[in-house]
Amino acid sequence: MVRGQGFFFVRNSPGVNYTESIDWLYGTQTFGIKLGLENPRTLLSALAIDPDDPGPAILHVAGTNGKGSVCAMTERILRDVGIKTGLFTSPHLVTYRERIRVNGTMISEEMVAEGLSELRGRTYLCENHPTFFELSLALAMGHFVRERCEVVILETGMGGRLDATNAIWSDLSVITSIGLDHQQWLGETIREIAAEKAGILKEGVPVIIGDLHPEAREVVGRRALALGIPCVEAHPLPDDWETGLKGSHQRENAALAVEAACRLEGERLTEEGIRHSVATVQWPGRFQQIDDSLYLDGAHNPSAAEVLRRTWQEQCGDEKAHLVFGAVGSKDIAGVFQALLPILASVSFIPVQSERRLTVEEMRAFLREAGGGAVPQEEFESLPDAVASAQARGGKTLVAGSLFLVGEALGHFLGERFEVSLQ
């Protein structure tokens, strides 16, 4: 049930333009990533949204991998029974508007422009200029409250304890998985990263956990025990259920989504309805098949690459992949290549459209470090050229290494304008 109303943007603001507004927002990426909760709380309060009682029921989802899939499946289960949902995820693939959805529909350009205009006039209230992610969260929450969403699903941007989404009190928490990623921010070990992600746990708020590494499970379990809250493992998905998202790992994600949906709105759900939702949900960029021979996947860290390798082998058998690969810095790219080596027929390198992109020579060095120096290699400046060359070799082509690269590919194949983002 919606607990509050709040207020948000004034319609028909003169001179508000989507392109100018979104350019201003992207410009705030120069402030970088700043973890902390003060700015988000200030911005939300300025929009008459109480972070401790925001209105809709809040599901908060953290984890190294699988967050987006769990969010998408949970949202679909709830929406299919008539519950009005808000969904906040990141990064986007093709357009910024993907990050903010009500009942599965992206926020309009008009509402982005008007919302950012309102927020731009409130940034002076923050001691330090709010970041891109902090502003995006405030824009999303304002939109959700204005649209009177019943349940809002928030995906963390990075970590948990000091992630902007943690400024908002939640009704249920989910931790999908914990692996090595963003070590420069979250710590160098599984235990350190687990402690950061366990920071989303709150007194009186149950947490659902995925199949965590033993060290991570211990850290999260101790935190839950200290807070006196239930730490719940999801029930396995029935063997005869199918998932709309490919790969055996998606059954684990679906189990988390079902558990979360049932705990939030169990009285309104039916087994038949849940089964249909899980079987038909789609979430772009996760082993997405474009045609008979072309696949896209946003795997960008070793654990995600291991899942991608298993999924490829499940779906394509012994056939090797002609990999079109691009990546950004600060990732364990040698580890990514090491995980993918068993399925590689060739690698075509392409620089990602990001200021943080790795050069072709840097990516070649990581492939050699992983033991893949003998794999046939090419380099390209154009993604369409790289894909065309890979497909000309015959067999199947896989585009992977970064969600930014997958977004560029989707924009190209769908004929939509790709909005480049650093975050």
# chains A, B, ... in the order shown; residues from 1 in each chain; ligands from 1
$ residues_around --residues "Ser173 in chain A" --least-positions-apart "6" --cutoff "9 Å" --atoms "only C-alpha atoms" --output "PyMOL selection string"
chain A and resi 58-62+200-202+205-209+260
$ residues_around --residues "Phe325 in chain A" --least-positions-apart "4" --cutoff "9 Å" --atoms "only C-alpha atoms" --output "VMD selection string"
chain A and resid 347 to 352 363 398 to 402 405
$ residues_around --residues "Val420 in chain A" --least-positions-apart "2" --cutoff "10 Å" --atoms "only C-alpha atoms" --output "ChimeraX atom specification"
/A:26,92-96,352-355,404-405,407-408,417-418,422-423
$ atom_distance --atom1 "CA of Leu44 in chain A" --atom2 "CA of Asn65 in chain A"
27.7 Å
$ select_by_dssp --residues "range 186-241 of chain A" --states "alpha helix (DSSP H)" --output "ChimeraX atom specification"
/A:186,190-197,214-227
$ residues_around --residues "Leu35 in chain A" --least-positions-apart "6" --cutoff "9 Å" --atoms "only C-alpha atoms" --output "list of chain:residue names"
A:Met158, A:Arg161, A:Leu162, A:Asp163, A:Ala164, A:Trp185
$ closest_residue --among "A:Asp80, A:Glu378, A:Glu134, A:Asp23" --to "Thr280 in chain A" --atoms "only C-alpha atoms"
A:Asp80
$ residues_around --residues "Gly204 in chain A" --least-positions-apart "5" --cutoff "9 Å" --atoms "only C-alpha atoms" --output "PDB file with C-alpha atoms, in the first residue's frame"
ATOM      1  CA  ASP A 171      10.751  -3.255   3.449  1.00  0.00           C
ATOM      2  CA  LEU A 227      20.336  -7.000  13.774  1.00  0.00           C
ATOM      3  CA  GLY A 228      17.986  -9.777  14.841  1.00  0.00           C
ATOM      4  CA  ILE A 229      16.472 -10.153  11.365  1.00  0.00           C
ATOM      5  CA  PRO A 230      15.573 -13.245   9.313  1.00  0.00           C
TER       6      PRO A 230
END
$ closest_residue --among "A:Trp169, A:Phe413, A:Phe287, A:Tyr18" --to "Glu110 in chain A" --atoms "only C-alpha atoms"
A:Tyr18
$ select_by_dssp --residues "range 35-243 of chain A" --states "strand (DSSP E)" --output "number ranges by chain"
A: 57-62, 85-88, 100-102, 105-106, 151-155, 172-175, 207-209, 231-233
$ write_last_selection --atoms "C-alpha atoms" --output "JSON list (two decimals), in the first residue's frame"
[["chain", "number", "residue", "atom", "x", "y", "z"],
["A", 57, "ALA", "CA", 6.97, -0.45, -0.34],
["A", 58, "ILE", "CA", 10.69, -0.71, -1.16],
["A", 59, "LEU", "CA", 12.62, -3.79, -2.30],
["A", 60, "HIS", "CA", 16.37, -3.17, -2.13],
["A", 61, "VAL", "CA", 18.59, -5.47, -4.24],
["A", 62, "ALA", "CA", 22.39, -5.71, -3.97],
["A", 85, "THR", "CA", 5.55, -1.04, -9.86],
["A", 86, "GLY", "CA", 8.52, 1.29, -10.03],
["A", 87, "LEU", "CA", 11.89, -0.07, -11.17],
["A", 88, "PHE", "CA", 15.26, 1.69, -10.85],
["A", 100, "ILE", "CA", 13.41, 4.44, -14.53],
["A", 101, "ARG", "CA", 10.25, 2.47, -15.31],
["A", 102, "VAL", "CA", 6.68, 2.47, -14.03],
["A", 105, "THR", "CA", 7.21, 1.65, -19.22],
["A", 106, "MET", "CA", 10.25, 3.91, -19.43],
["A", 151, "VAL", "CA", 6.06, -1.29, -4.85],
["A", 152, "VAL", "CA", 9.42, 0.18, -5.88],
["A", 153, "ILE", "CA", 12.43, -2.01, -6.68],
["A", 154, "LEU", "CA", 15.82, -0.34, -6.23],
["A", 155, "GLU", "CA", 19.01, -1.88, -7.62],
["A", 172, "LEU", "CA", 12.80, -6.19, 2.13],
["A", 173, "SER", "CA", 16.44, -6.72, 1.12],
["A", 174, "VAL", "CA", 17.98, -9.16, -1.36],
["A", 175, "ILE", "CA", 21.66, -10.01, -1.84],
["A", 207, "VAL", "CA", 16.96, -10.30, 3.89],
["A", 208, "ILE", "CA", 16.88, -12.98, 1.18],
["A", 209, "ILE", "CA", 20.25, -14.31, 0.05],
["A", 231, "CYS", "CA", 18.22, -14.29, 6.77],
["A", 232, "VAL", "CA", 16.30, -16.39, 4.26],
["A", 233, "GLU", "CA", 17.42, -18.65, 1.44]]
